[in-house]
Each structure stands twice: as structure tokens, then as C-alpha cells.
Amino acid sequence: MHFSFSYNKKKVLQALRYHFIAQREIKLLFIVIILFDIISGVLYFSGKIHPQPFLLGAFIWFFFLISFWFLMPAIVYKRSLTFKESFTIYFQSSYIALENDKGRVEWEWNRFSNYFETPYFFHLYFSPKSFFLVPKNNLGSDETSGVRTLLQDNIRKGKS
């Protein structure tokens, strides 16, 4: 099976958001910020602390949202030339090949550590921080199902 694709900026930014939010350390930071906000809110409204810790928690929460929802995806998108090119991808029984006018690369299935699926992409991970996005927008439902089956058979499914 093979198909050609290029990336849509809005969909890539959404996929990068999924990637960042799925990271363990970001989830942990998210939980710590929420706990800090809840505890400081309870202490402030019970009159035990001044409003500064509560406001600091709100500021940190706001900064966290802006950073991981807007800034980081935009920075990664801007720095990556991959998202501005067109590709043809080939799914074979023993490897995945990616090709464009600059060359071709083949990855055996065991090179991928895991994958997960989002509404517009399959995220194929080489390591926790290194991944490749395969868009689903040029695939019909049968082709999407075929790719999903190949991924399930050859790569360990990650947490989304």
C-alpha cells in the first residue's frame, strides 16, 4: 500500500499538541500545577494565605496553557522543514519507506518503539521524543483501516 501526502498546518499544530500533552513529564507538570492551584485556592478562600500564591498558580496555569497549546507547536512547526514538503509513503510487510524529490528512506518495523492515532494522524515513534506523522487525510476508510492493521501487527500501541 502507498499514498502521497503533504501536511496541513492547522492539523499538524493539533497533532503536535497531542504529542506534547501525551508526554509523561508534561502530564506530571499539569497535575502538580492543578494541585498547587487547588490547595492555594482552598487556603486563600479559607483566609489562611494572601492572594499572591493563588494568583501565582493562576499565572503558571495560564503560562502552561499558552506554552503547550500555542507556542511549542508553532515553534516546532516553524523549525521543521518536513512539514513543508510532499512525500510518498510505502507500507510493506517488513518496512515503511518514505520518499520525496530529495531521496528515500526505509525503516524496518522494529525501528519504531510505539505509535498512537489521533483524529488526523498516525504518530509513529522512534523514541519518546522522535516521531513521524502520517496524515490520514488522503486515505479512504479502507486504506485507513489497512494502515491501522499494519501498525497494530508490527508496532506496540502507545498511550494516547
# chains A, B, ... in the order shown; residues from 1 in each chain; ligands from 1
call {"tool": "residues_around", "arguments": {"residues": "region 7-17 of chain A", "least_positions_apart": "5", "cutoff": "8 Å", "atoms": "only C-alpha atoms", "output": "list in words"}}
result
Phe68, Trp69, Pro73, Ala74, Tyr77, Phe83, Lys84, Glu85, Ser86, Thr118, Tyr120, Phe121 and Pro135 of chain A
call {"tool": "select_by_dssp", "arguments": {"residues": "chain A", "states": "helix (DSSP H, G or I)", "output": "ChimeraX atom specification"}}
result
/A:9-22,24-45,51-79,82-84,109-111,141-154
call {"tool": "residues_around", "arguments": {"residues": "region 100-103 of chain A", "least_positions_apart": "5", "cutoff": "12 Å", "atoms": "only C-alpha atoms", "output": "ChimeraX atom specification"}}
result
/A:3-6,82,84-90
call {"tool": "write_last_selection", "arguments": {"atoms": "all heavy atoms", "output": "compact mmCIF listing (two decimals), in the first residue's frame"}}
result
# COMPACT_ATOMS: atom_id res chain seq x y z
N PHE A 3 0.71 5.85 -0.67
CA PHE A 3 -0.04 7.05 -1.00
C PHE A 3 0.86 8.27 -0.83
O PHE A 3 1.88 8.22 -0.15
CB PHE A 3 -1.31 7.18 -0.14
CG PHE A 3 -1.07 7.29 1.33
CD1 PHE A 3 -0.97 8.51 1.95
CD2 PHE A 3 -0.95 6.15 2.11
CE1 PHE A 3 -0.75 8.61 3.31
CE2 PHE A 3 -0.74 6.23 3.47
CZ PHE A 3 -0.64 7.47 4.07
N SER A 4 0.48 9.35 -1.48
CA SER A 4 1.22 10.61 -1.40
C SER A 4 0.50 11.56 -0.46
O SER A 4 -0.72 11.50 -0.31
CB SER A 4 1.33 11.24 -2.78
OG SER A 4 2.06 10.41 -3.64
N PHE A 5 1.29 12.41 0.18
CA PHE A 5 0.68 13.38 1.09
C PHE A 5 1.56 14.60 1.26
O PHE A 5 2.75 14.59 0.97
CB PHE A 5 0.40 12.74 2.46
CG PHE A 5 1.63 12.32 3.21
CD1 PHE A 5 2.28 13.20 4.07
CD2 PHE A 5 2.16 11.04 3.09
CE1 PHE A 5 3.41 12.82 4.77
CE2 PHE A 5 3.27 10.64 3.78
CZ PHE A 5 3.91 11.53 4.62
N SER A 6 0.93 15.66 1.74
CA SER A 6 1.61 16.85 2.23
C SER A 6 0.88 17.23 3.51
O SER A 6 -0.19 16.71 3.80
CB SER A 6 1.61 17.97 1.19
OG SER A 6 0.30 18.29 0.82
N THR A 82 10.28 19.41 7.32
CA THR A 82 9.50 18.23 6.94
C THR A 82 8.05 18.59 6.66
O THR A 82 7.45 18.10 5.70
CB THR A 82 9.54 17.17 8.06
OG1 THR A 82 10.89 16.83 8.31
CG2 THR A 82 8.75 15.95 7.70
N LYS A 84 6.76 21.11 5.41
CA LYS A 84 6.55 21.95 4.24
C LYS A 84 6.79 21.20 2.93
O LYS A 84 6.73 21.78 1.86
CB LYS A 84 7.45 23.18 4.34
CG LYS A 84 7.06 24.08 5.51
CD LYS A 84 8.17 25.03 5.88
CE LYS A 84 7.82 25.88 7.07
NZ LYS A 84 7.78 25.21 8.34
N GLU A 85 7.05 19.90 3.02
CA GLU A 85 7.35 19.09 1.84
C GLU A 85 6.24 18.09 1.57
O GLU A 85 5.37 17.85 2.41
CB GLU A 85 8.68 18.34 2.05
CG GLU A 85 9.86 19.27 2.19
CD GLU A 85 11.17 18.53 2.24
OE1 GLU A 85 11.22 17.40 1.75
OE2 GLU A 85 12.13 19.09 2.79
N SER A 86 6.29 17.50 0.38
CA SER A 86 5.36 16.45 -0.01
C SER A 86 6.10 15.12 -0.05
O SER A 86 7.28 15.08 -0.39
CB SER A 86 4.78 16.73 -1.39
OG SER A 86 4.00 17.90 -1.35
N PHE A 87 5.41 14.03 0.29
CA PHE A 87 6.01 12.72 0.39
C PHE A 87 5.13 11.66 -0.24
O PHE A 87 3.92 11.85 -0.39
CB PHE A 87 6.22 12.32 1.86
CG PHE A 87 7.16 13.21 2.61
CD1 PHE A 87 6.68 14.26 3.37
CD2 PHE A 87 8.52 13.00 2.57
CE1 PHE A 87 7.54 15.09 4.07
CE2 PHE A 87 9.39 13.81 3.27
CZ PHE A 87 8.89 14.86 4.02
N THR A 88 5.74 10.54 -0.54
CA THR A 88 5.03 9.30 -0.85
C THR A 88 5.51 8.29 0.16
O THR A 88 6.71 8.14 0.40
CB THR A 88 5.33 8.81 -2.28
OG1 THR A 88 4.96 9.83 -3.21
CG2 THR A 88 4.56 7.54 -2.59
N ILE A 89 4.56 7.61 0.80
CA ILE A 89 4.90 6.63 1.82
C ILE A 89 4.44 5.26 1.34
O ILE A 89 3.38 5.13 0.72
CB ILE A 89 4.28 6.99 3.19
CG1 ILE A 89 4.87 6.11 4.30
CG2 ILE A 89 2.77 6.94 3.17
CD1 ILE A 89 4.61 6.63 5.70
N TYR A 90 5.28 4.26 1.59
CA TYR A 90 5.01 2.89 1.19
C TYR A 90 4.97 2.02 2.43
O TYR A 90 5.94 2.00 3.19
CB TYR A 90 6.11 2.37 0.25
CG TYR A 90 6.26 3.17 -1.00
CD1 TYR A 90 7.09 4.29 -1.04
CD2 TYR A 90 5.56 2.82 -2.16
CE1 TYR A 90 7.22 5.04 -2.20
CE2 TYR A 90 5.70 3.56 -3.32
CZ TYR A 90 6.52 4.67 -3.34
OH TYR A 90 6.65 5.42 -4.48
call {"tool": "closest_residue", "arguments": {"among": "A:Ser127, A:Ala58, A:Ser46, A:Tyr18", "to": "Phe70 (chain A)", "atoms": "only C-alpha atoms"}}
result
A:Tyr18
call {"tool": "residues_around", "arguments": {"residues": "Gly57 (chain A)", "least_positions_apart": "3", "cutoff": "9 Å", "atoms": "only C-alpha atoms", "output": "PDB file with N, CA and C atoms, in the first residue's frame"}}
result
ATOM      1  N   ILE A  33       0.625  21.492  38.824  1.00  0.00           N
ATOM      2  CA  ILE A  33       0.048  22.841  38.725  1.00  0.00           C
ATOM      3  C   ILE A  33      -1.399  22.843  39.212  1.00  0.00           C
ATOM      4  N   ILE A  34      -2.165  21.849  38.828  1.00  0.00           N
ATOM      5  CA  ILE A  34      -3.560  21.780  39.267  1.00  0.00           C
ATOM      6  C   ILE A  34      -3.639  21.618  40.788  1.00  0.00           C
ATOM      7  N   PHE A  36      -1.393  22.537  43.011  1.00  0.00           N
ATOM      8  CA  PHE A  36      -0.984  23.808  43.606  1.00  0.00           C
ATOM      9  C   PHE A  36      -2.136  24.805  43.566  1.00  0.00           C
ATOM     10  N   ASP A  37      -2.828  24.880  42.424  1.00  0.00           N
ATOM     11  CA  ASP A  37      -3.962  25.803  42.292  1.00  0.00           C
ATOM     12  C   ASP A  37      -5.086  25.453  43.260  1.00  0.00           C
ATOM     13  N   ILE A  38      -5.400  24.182  43.369  1.00  0.00           N
ATOM     14  CA  ILE A  38      -6.490  23.768  44.258  1.00  0.00           C
ATOM     15  C   ILE A  38      -6.142  24.058  45.717  1.00  0.00           C
ATOM     16  N   SER A  40      -3.841  26.165  46.936  1.00  0.00           N
ATOM     17  CA  SER A  40      -3.745  27.604  47.208  1.00  0.00           C
ATOM     18  C   SER A  40      -5.128  28.254  47.168  1.00  0.00           C
ATOM     19  N   GLY A  41      -6.019  27.770  46.308  1.00  0.00           N
ATOM     20  CA  GLY A  41      -7.382  28.307  46.272  1.00  0.00           C
ATOM     21  C   GLY A  41      -8.127  28.033  47.568  1.00  0.00           C
ATOM     22  N   GLN A  52      -1.526  36.242  46.782  1.00  0.00           N
ATOM     23  CA  GLN A  52      -0.393  36.075  45.867  1.00  0.00           C
ATOM     24  C   GLN A  52      -0.145  34.628  45.428  1.00  0.00           C
ATOM     25  N   PRO A  53      -0.116  33.630  46.323  1.00  0.00           N
ATOM     26  CA  PRO A  53       0.097  32.252  45.856  1.00  0.00           C
ATOM     27  C   PRO A  53      -1.021  31.778  44.909  1.00  0.00           C
ATOM     28  N   PHE A  54      -2.249  32.180  45.218  1.00  0.00           N
ATOM     29  CA  PHE A  54      -3.370  31.808  44.353  1.00  0.00           C
ATOM     30  C   PHE A  54      -3.214  32.452  42.976  1.00  0.00           C
ATOM     31  N   ILE A  60       0.770  30.675  36.464  1.00  0.00           N
ATOM     32  CA  ILE A  60       1.500  29.494  35.995  1.00  0.00           C
ATOM     33  C   ILE A  60       0.604  28.646  35.101  1.00  0.00           C
ATOM     34  N   TRP A  61      -0.643  28.466  35.508  1.00  0.00           N
ATOM     35  CA  TRP A  61      -1.593  27.693  34.713  1.00  0.00           C
ATOM     36  C   TRP A  61      -1.797  28.345  33.343  1.00  0.00           C
ATOM     37  N   PHE A  62      -1.971  29.663  33.312  1.00  0.00           N
ATOM     38  CA  PHE A  62      -2.147  30.403  32.058  1.00  0.00           C
ATOM     39  C   PHE A  62      -0.901  30.262  31.176  1.00  0.00           C
TER      40      PHE A  62
END
call {"tool": "select_by_dssp", "arguments": {"residues": "region 10-147 of chain A", "states": "strand (DSSP E or B)", "output": "ChimeraX atom specification"}}
result
/A:86-91,95-100,103-108,114-117,121-125,131-135
call {"tool": "closest_residue", "arguments": {"among": "A:Leu56, A:Met1, A:Asn114, A:Tyr44", "to": "Asp142 (chain A)", "atoms": "only C-alpha atoms"}}
result
A:Met1
call {"tool": "closest_residue", "arguments": {"among": "A:Ile21, A:Leu81, A:Leu43, A:Leu35", "to": "Leu65 (chain A)", "atoms": "only C-alpha atoms"}}
result
A:Ile21
call {"tool": "atom_distance", "arguments": {"atom1": "CA of Lys136 (chain A)", "atom2": "CA of His19 (chain A)"}}
result
16.3 Å
call {"tool": "decode", "arguments": {"residues": "region 8-36 of chain A", "atoms": "N, CA and C atoms", "output": "mmCIF file, in the first residue's frame"}}
result
data_model
loop_
_atom_site.group_PDB
_atom_site.id
_atom_site.type_symbol
_atom_site.label_atom_id
_atom_site.label_comp_id
_atom_site.auth_asym_id
_atom_site.auth_seq_id
_atom_site.Cartn_x
_atom_site.Cartn_y
_atom_site.Cartn_z
ATOM 1 N N ASN A 8 -0.981 19.705 6.339
ATOM 2 C CA ASN A 8 -1.831 20.863 6.554
ATOM 3 C C ASN A 8 -1.409 21.488 7.884
ATOM 4 N N LYS A 9 -1.074 22.769 7.860
ATOM 5 C CA LYS A 9 -0.509 23.415 9.047
ATOM 6 C C LYS A 9 -1.413 23.298 10.270
ATOM 7 N N LYS A 10 -2.702 23.583 10.136
ATOM 8 C CA LYS A 10 -3.603 23.534 11.290
ATOM 9 C C LYS A 10 -3.665 22.127 11.887
ATOM 10 N N LYS A 11 -3.694 21.124 11.028
ATOM 11 C CA LYS A 11 -3.770 19.745 11.512
ATOM 12 C C LYS A 11 -2.456 19.317 12.166
ATOM 13 N N VAL A 12 -1.329 19.778 11.616
ATOM 14 C CA VAL A 12 -0.028 19.456 12.213
ATOM 15 C C VAL A 12 0.098 20.101 13.590
ATOM 16 N N LEU A 13 -0.333 21.345 13.722
ATOM 17 C CA LEU A 13 -0.279 22.009 15.023
ATOM 18 C C LEU A 13 -1.109 21.243 16.049
ATOM 19 N N GLN A 14 -2.267 20.755 15.643
ATOM 20 C CA GLN A 14 -3.102 19.959 16.554
ATOM 21 C C GLN A 14 -2.390 18.655 16.921
ATOM 22 N N ALA A 15 -1.759 18.011 15.947
ATOM 23 C CA ALA A 15 -1.030 16.765 16.217
ATOM 24 C C ALA A 15 0.135 17.016 17.169
ATOM 25 N N LEU A 16 0.812 18.137 17.021
ATOM 26 C CA LEU A 16 1.918 18.459 17.930
ATOM 27 C C LEU A 16 1.395 18.700 19.341
ATOM 28 N N ARG A 17 0.218 19.289 19.457
ATOM 29 C CA ARG A 17 -0.393 19.448 20.787
ATOM 30 C C ARG A 17 -0.633 18.088 21.431
ATOM 31 N N TYR A 18 -1.175 17.149 20.663
ATOM 32 C CA TYR A 18 -1.374 15.793 21.182
ATOM 33 C C TYR A 18 -0.049 15.204 21.635
ATOM 34 N N HIS A 19 0.990 15.400 20.834
ATOM 35 C CA HIS A 19 2.302 14.863 21.190
ATOM 36 C C HIS A 19 2.784 15.434 22.522
ATOM 37 N N PHE A 20 2.726 16.759 22.674
ATOM 38 C CA PHE A 20 3.232 17.379 23.899
ATOM 39 C C PHE A 20 2.420 16.964 25.118
ATOM 40 N N ILE A 21 1.115 16.964 24.992
ATOM 41 C CA ILE A 21 0.269 16.623 26.131
ATOM 42 C C ILE A 21 0.418 15.151 26.513
ATOM 43 N N ALA A 22 0.789 14.299 25.561
ATOM 44 C CA ALA A 22 0.957 12.870 25.853
ATOM 45 C C ALA A 22 2.267 12.556 26.577
ATOM 46 N N GLN A 23 3.182 13.506 26.665
ATOM 47 C CA GLN A 23 4.463 13.269 27.316
ATOM 48 C C GLN A 23 4.289 13.149 28.828
ATOM 49 N N ARG A 24 4.951 12.167 29.414
ATOM 50 C CA ARG A 24 4.808 11.882 30.839
ATOM 51 C C ARG A 24 5.155 13.088 31.708
ATOM 52 N N GLU A 25 6.271 13.753 31.416
ATOM 53 C CA GLU A 25 6.690 14.882 32.256
ATOM 54 C C GLU A 25 5.729 16.064 32.159
ATOM 55 N N ILE A 26 5.097 16.239 31.021
ATOM 56 C CA ILE A 26 4.129 17.320 30.875
ATOM 57 C C ILE A 26 2.848 16.979 31.632
ATOM 58 N N LYS A 27 2.436 15.722 31.589
ATOM 59 C CA LYS A 27 1.274 15.297 32.369
ATOM 60 C C LYS A 27 1.538 15.513 33.852
ATOM 61 N N LEU A 28 2.741 15.157 34.303
ATOM 62 C CA LEU A 28 3.104 15.337 35.709
ATOM 63 C C LEU A 28 3.094 16.818 36.088
ATOM 64 N N LEU A 29 3.672 17.654 35.245
ATOM 65 C CA LEU A 29 3.665 19.094 35.491
ATOM 66 C C LEU A 29 2.236 19.621 35.560
ATOM 67 N N PHE A 30 1.405 19.154 34.666
ATOM 68 C CA PHE A 30 0.000 19.526 34.630
ATOM 69 C C PHE A 30 -0.681 19.188 35.957
ATOM 70 N N ILE A 31 -0.451 17.990 36.480
ATOM 71 C CA ILE A 31 -1.047 17.567 37.750
ATOM 72 C C ILE A 31 -0.530 18.419 38.908
ATOM 73 N N VAL A 32 0.782 18.681 38.934
ATOM 74 C CA VAL A 32 1.368 19.497 40.004
ATOM 75 C C VAL A 32 0.771 20.905 39.994
ATOM 76 N N ILE A 33 0.625 21.492 38.824
ATOM 77 C CA ILE A 33 0.048 22.841 38.725
ATOM 78 C C ILE A 33 -1.399 22.843 39.212
ATOM 79 N N ILE A 34 -2.165 21.849 38.828
ATOM 80 C CA ILE A 34 -3.560 21.780 39.267
ATOM 81 C C ILE A 34 -3.639 21.618 40.788
ATOM 82 N N LEU A 35 -2.803 20.740 41.338
ATOM 83 C CA LEU A 35 -2.796 20.551 42.796
ATOM 84 C C LEU A 35 -2.415 21.843 43.513
ATOM 85 N N PHE A 36 -1.393 22.537 43.011
ATOM 86 C CA PHE A 36 -0.984 23.808 43.606
ATOM 87 C C PHE A 36 -2.136 24.805 43.566
#
